[in-house]
>>> print(open('structure20.tsv').read())   # TSV, C-alpha atoms
chain	number	residue	atom	x	y	z
A	221	GLY	CA	-35.97	93.90	142.09
A	222	ARG	CA	-35.34	95.95	139.07
A	223	PHE	CA	-32.30	95.87	136.87
A	224	ALA	CA	-30.33	99.07	136.57
A	225	PHE	CA	-29.01	99.54	133.08
A	226	GLY	CA	-26.53	102.32	132.43
A	227	GLY	CA	-26.91	104.70	129.55
A	228	LEU	CA	-24.90	104.64	126.36
A	229	ARG	CA	-22.59	107.40	127.62
A	230	GLU	CA	-21.68	105.36	130.70
A	231	ALA	CA	-21.13	102.24	128.61
A	232	MET	CA	-18.88	104.08	126.16
A	233	GLN	CA	-16.91	105.75	128.96
A	234	SER	CA	-16.36	102.39	130.62
A	235	ARG	CA	-14.73	101.21	127.39
A	236	LEU	CA	-12.09	103.90	127.85
A	237	ASP	CA	-11.63	103.65	131.62
A	238	GLY	CA	-8.85	101.38	132.75
A	239	THR	CA	-7.73	100.45	129.25
A	240	GLY	CA	-5.07	103.10	128.76
A	241	TRP	CA	-7.04	104.71	125.92
A	242	ARG	CA	-7.41	108.46	126.39
A	243	PRO	CA	-10.01	110.63	124.70
A	244	TYR	CA	-8.54	112.44	121.70
A	245	SER	CA	-7.96	116.15	121.72
A	246	ARG	CA	-5.52	118.18	119.66
A	247	ALA	CA	-4.01	119.52	122.89
A	248	ALA	CA	-3.47	116.00	124.28
A	249	LEU	CA	-1.86	114.91	121.00
A	250	GLU	CA	0.46	117.92	120.97
A	251	GLU	CA	1.39	117.40	124.62
A	252	SER	CA	2.20	113.72	124.09
A	253	VAL	CA	4.26	114.40	120.96
A	254	ALA	CA	6.13	117.25	122.67
A	255	SER	CA	7.07	114.90	125.51
A	256	GLY	CA	8.68	112.44	123.08
A	257	LYS	CA	5.86	109.92	122.83
A	258	SER	CA	4.67	108.00	119.80
A	259	VAL	CA	0.88	108.31	119.60
A	260	LEU	CA	-1.72	106.00	118.07
A	261	ILE	CA	-5.18	107.47	117.48
A	262	ASP	CA	-8.18	105.29	116.68
A	263	PHE	CA	-10.73	107.40	114.78
A	264	THR	CA	-14.00	105.58	115.33
A	265	ALA	CA	-17.74	106.02	115.76
A	266	ASP	CA	-20.33	103.96	117.59
A	267	TRP	CA	-22.44	103.67	114.43
A	268	CYS	CA	-19.49	102.31	112.39
A	269	LEU	CA	-19.78	98.53	112.24
A	270	THR	CA	-16.42	98.20	110.49
A	271	CYS	CA	-14.81	100.20	113.32
A	272	LYS	CA	-16.31	97.97	115.98
A	273	THR	CA	-15.28	94.81	114.14
A	274	LEU	CA	-11.69	96.02	113.71
A	275	GLU	CA	-11.50	97.11	117.34
A	276	ALA	CA	-12.60	93.66	118.52
A	277	GLN	CA	-10.67	91.50	116.07
A	278	VAL	CA	-7.50	93.54	115.48
A	279	LEU	CA	-6.94	96.61	117.63
A	280	ASN	CA	-7.82	95.18	121.04
A	281	THR	CA	-5.89	91.93	120.68
A	282	ALA	CA	-2.99	90.69	122.76
A	283	PRO	CA	-0.28	91.03	120.05
A	284	VAL	CA	-1.27	94.64	119.28
A	285	SER	CA	-1.59	95.56	122.96
A	286	GLN	CA	1.82	94.03	123.66
A	287	ALA	CA	3.42	95.96	120.78
A	288	ILE	CA	1.84	99.21	121.99
A	289	ASP	CA	3.02	98.62	125.56
A	290	ALA	CA	6.53	97.55	124.51
A	291	ALA	CA	6.99	100.71	122.43
A	292	GLY	CA	5.51	103.03	125.07
A	293	VAL	CA	2.91	104.31	122.61
A	294	VAL	CA	0.20	106.63	123.91
A	295	THR	CA	-3.24	105.51	122.71
A	296	MET	CA	-6.19	107.81	122.07
A	297	LYS	CA	-9.75	107.33	120.83
A	298	ALA	CA	-11.15	110.00	118.55
A	299	ASP	CA	-14.91	109.51	118.86
A	300	TRP	CA	-16.70	110.75	115.73
A	301	THR	CA	-20.11	109.37	116.75
A	302	HIS	CA	-21.66	112.83	116.82
A	303	GLY	CA	-19.37	114.52	114.29
A	304	ASP	CA	-17.08	116.20	116.84
A	305	PRO	CA	-15.57	119.24	115.02
A	306	GLU	CA	-12.11	118.66	116.52
A	307	VAL	CA	-12.11	115.06	115.26
A	308	THR	CA	-13.46	116.19	111.87
A	309	ALA	CA	-10.65	118.75	111.58
A	310	MET	CA	-7.98	116.12	112.26
A	311	LEU	CA	-9.58	113.68	109.82
A	312	ASP	CA	-9.47	116.47	107.20
A	313	THR	CA	-5.80	117.11	108.00
A	314	LEU	CA	-5.10	113.41	107.52
A	315	GLY	CA	-6.97	113.42	104.19
A	316	SER	CA	-9.84	111.25	105.38
A	317	LYS	CA	-13.58	111.80	105.10
A	318	GLN	CA	-14.74	108.70	106.96
A	319	VAL	CA	-13.86	106.23	109.67
A	320	PRO	CA	-12.23	103.86	110.51
A	321	VAL	CA	-8.83	105.50	110.51
A	322	ILE	CA	-5.75	104.67	112.56
A	323	ALA	CA	-3.10	107.38	112.72
A	324	ILE	CA	0.27	106.76	114.32
A	325	PHE	CA	2.40	109.81	115.06
A	326	PRO	CA	5.99	108.56	115.47
A	327	ALA	CA	8.02	110.17	118.25
A	328	ALA	CA	10.95	110.64	115.87
A	329	ASP	CA	8.88	112.34	113.14
A	330	PRO	CA	5.37	113.29	114.34
A	331	ASN	CA	4.77	115.52	111.30
A	332	ARG	CA	4.66	112.40	109.12
A	333	PRO	CA	1.94	110.22	110.62
A	334	ILE	CA	1.39	106.70	109.40
A	335	VAL	CA	-2.28	106.49	108.38
A	336	LEU	CA	-4.31	103.32	107.90
A	337	ARG	CA	-7.66	104.09	106.24
A	338	ASP	CA	-10.87	102.13	105.73
A	339	GLY	CA	-9.54	98.92	107.23
A	340	TYR	CA	-6.42	97.25	108.49
A	341	THR	CA	-5.15	93.86	109.49
A	342	GLN	CA	-3.23	92.85	112.56
A	343	ALA	CA	-0.12	92.47	110.38
A	344	SER	CA	-0.48	95.93	108.81
A	345	LEU	CA	-1.06	97.53	112.21
A	346	LEU	CA	1.93	95.75	113.77
A	347	ASP	CA	4.08	96.77	110.78
A	348	ALA	CA	2.95	100.39	111.17
A	349	LEU	CA	3.80	100.33	114.89
A	350	LYS	CA	7.23	98.86	114.10
A	351	THR	CA	7.84	101.51	111.43
A	352	ALA	CA	6.79	104.28	113.82
A	353	GLY	CA	9.21	103.08	116.45
A	354	ALA	CA	9.15	103.46	120.18
A	355	SER	CA	8.55	106.57	122.19
A	356	LYS	CA	11.70	108.50	123.01
A	357	ARG	CA	10.80	108.01	126.64
A	358	SER	CA	9.03	104.76	127.36
A	359	ASP	CA	7.35	105.88	130.59
A	360	ARG	CA	3.74	106.69	129.81
>>> encode(input="structure20.tsv", output="structure tokens")
Amino acid sequence: GRFAFGGLREAMQSRLDGTGWRPYSRAALEESVASGKSVLIDFTADWCLTCKTLEAQVLNTAPVSQAIDAAGVVTMKADWTHGDPEVTAMLDTLGSKQVPVIAIFPAADPNRPIVLRDGYTQASLLDALKTAGASKRSDR
């Protein structure tokens, strides 16, 4: 028989399904913040090798996942693979012109996001999550 290989879109969507990561939109960010949630957004692109390396070696590790879960942080992926204008607008707002970028919008002060640009370590990401603090309501 033949092998059935899914397309890139299906492969990328499967990365998001079941992992708790939601696709980024300004409306989803505003809704989460309004409901008292801290929000972490991973600005990434499929062509960004640094992004993929950081996702595998830092972002999607047990200590980071545990810290996110413990704090009730909402996680979103802002996919800039095709230059999405909504993602570009938020990157501009954050003062960034490239990926990777991690932005954490603390529940207590969402107008002052913690931004990690160009690269980050597990320690710097865990420190940023600790500084941001937990969601006001821990139910996701």
>>> residues_around(input="structure20.tsv", residues="Ala354 of chain A", least_positions_apart="4", cutoff="9 Å", atoms="all atoms listed in the file", output="list in words")
Lys257, Ser258, Ile288, Ala290, Ala291, Gly292, Val293, Pro326, Ala327, Ala328, Leu349, Lys350 and Ser358 of chain A
>>> atom_distance(input="structure20.tsv", atom1="atom CA of Val321 of chain A", atom2="atom CA of Cys271 of chain A")
8.5 Å
>>> closest_residue(input="structure20.tsv", among="A:Asp266, A:Ser344, A:Thr295, A:Gly303", to="Val278 of chain A", atoms="all atoms listed in the file")
A:Ser344
>>> closest_residue(input="structure20.tsv", among="A:Ser355, A:Pro283, A:Phe263, A:Val294", to="Lys317 of chain A", atoms="all atoms listed in the file")
A:Phe263
>>> residues_near_point(input="structure20.tsv", point="(-4.9, 102.2, 125.6)", cutoff="7 Å", atoms="only C-alpha atoms", output="count of residues only")
7
>>> closest_residue(input="structure20.tsv", among="A:Asp262, A:Glu250, A:Gln286, A:Ser255", to="Leu336 of chain A", atoms="only C-alpha atoms")
A:Asp262
>>> atom_distance(input="structure20.tsv", atom1="atom CA of Thr270 of chain A", atom2="atom CA of Thr301 of chain A")
13.3 Å
>>> atom_distance(input="structure20.tsv", atom1="atom CA of Phe325 of chain A", atom2="atom CA of Lys356 of chain A")
12.3 Å
>>> axis_aligned_box(input="structure20.tsv", around="segment 319-337 of chain A", padding_each_side="4 Å", output="lines of an AutoDock Vina configuration file")
center_x = -1.5
center_y = 109.4
center_z = 112.2
size_x = 32.8
size_y = 20.2
size_z = 20.0
>>> closest_residue(input="structure20.tsv", among="A:Ala287, A:Ala352, A:Leu249, A:Val307", to="Thr264 of chain A", atoms="all atoms listed in the file")
A:Val307
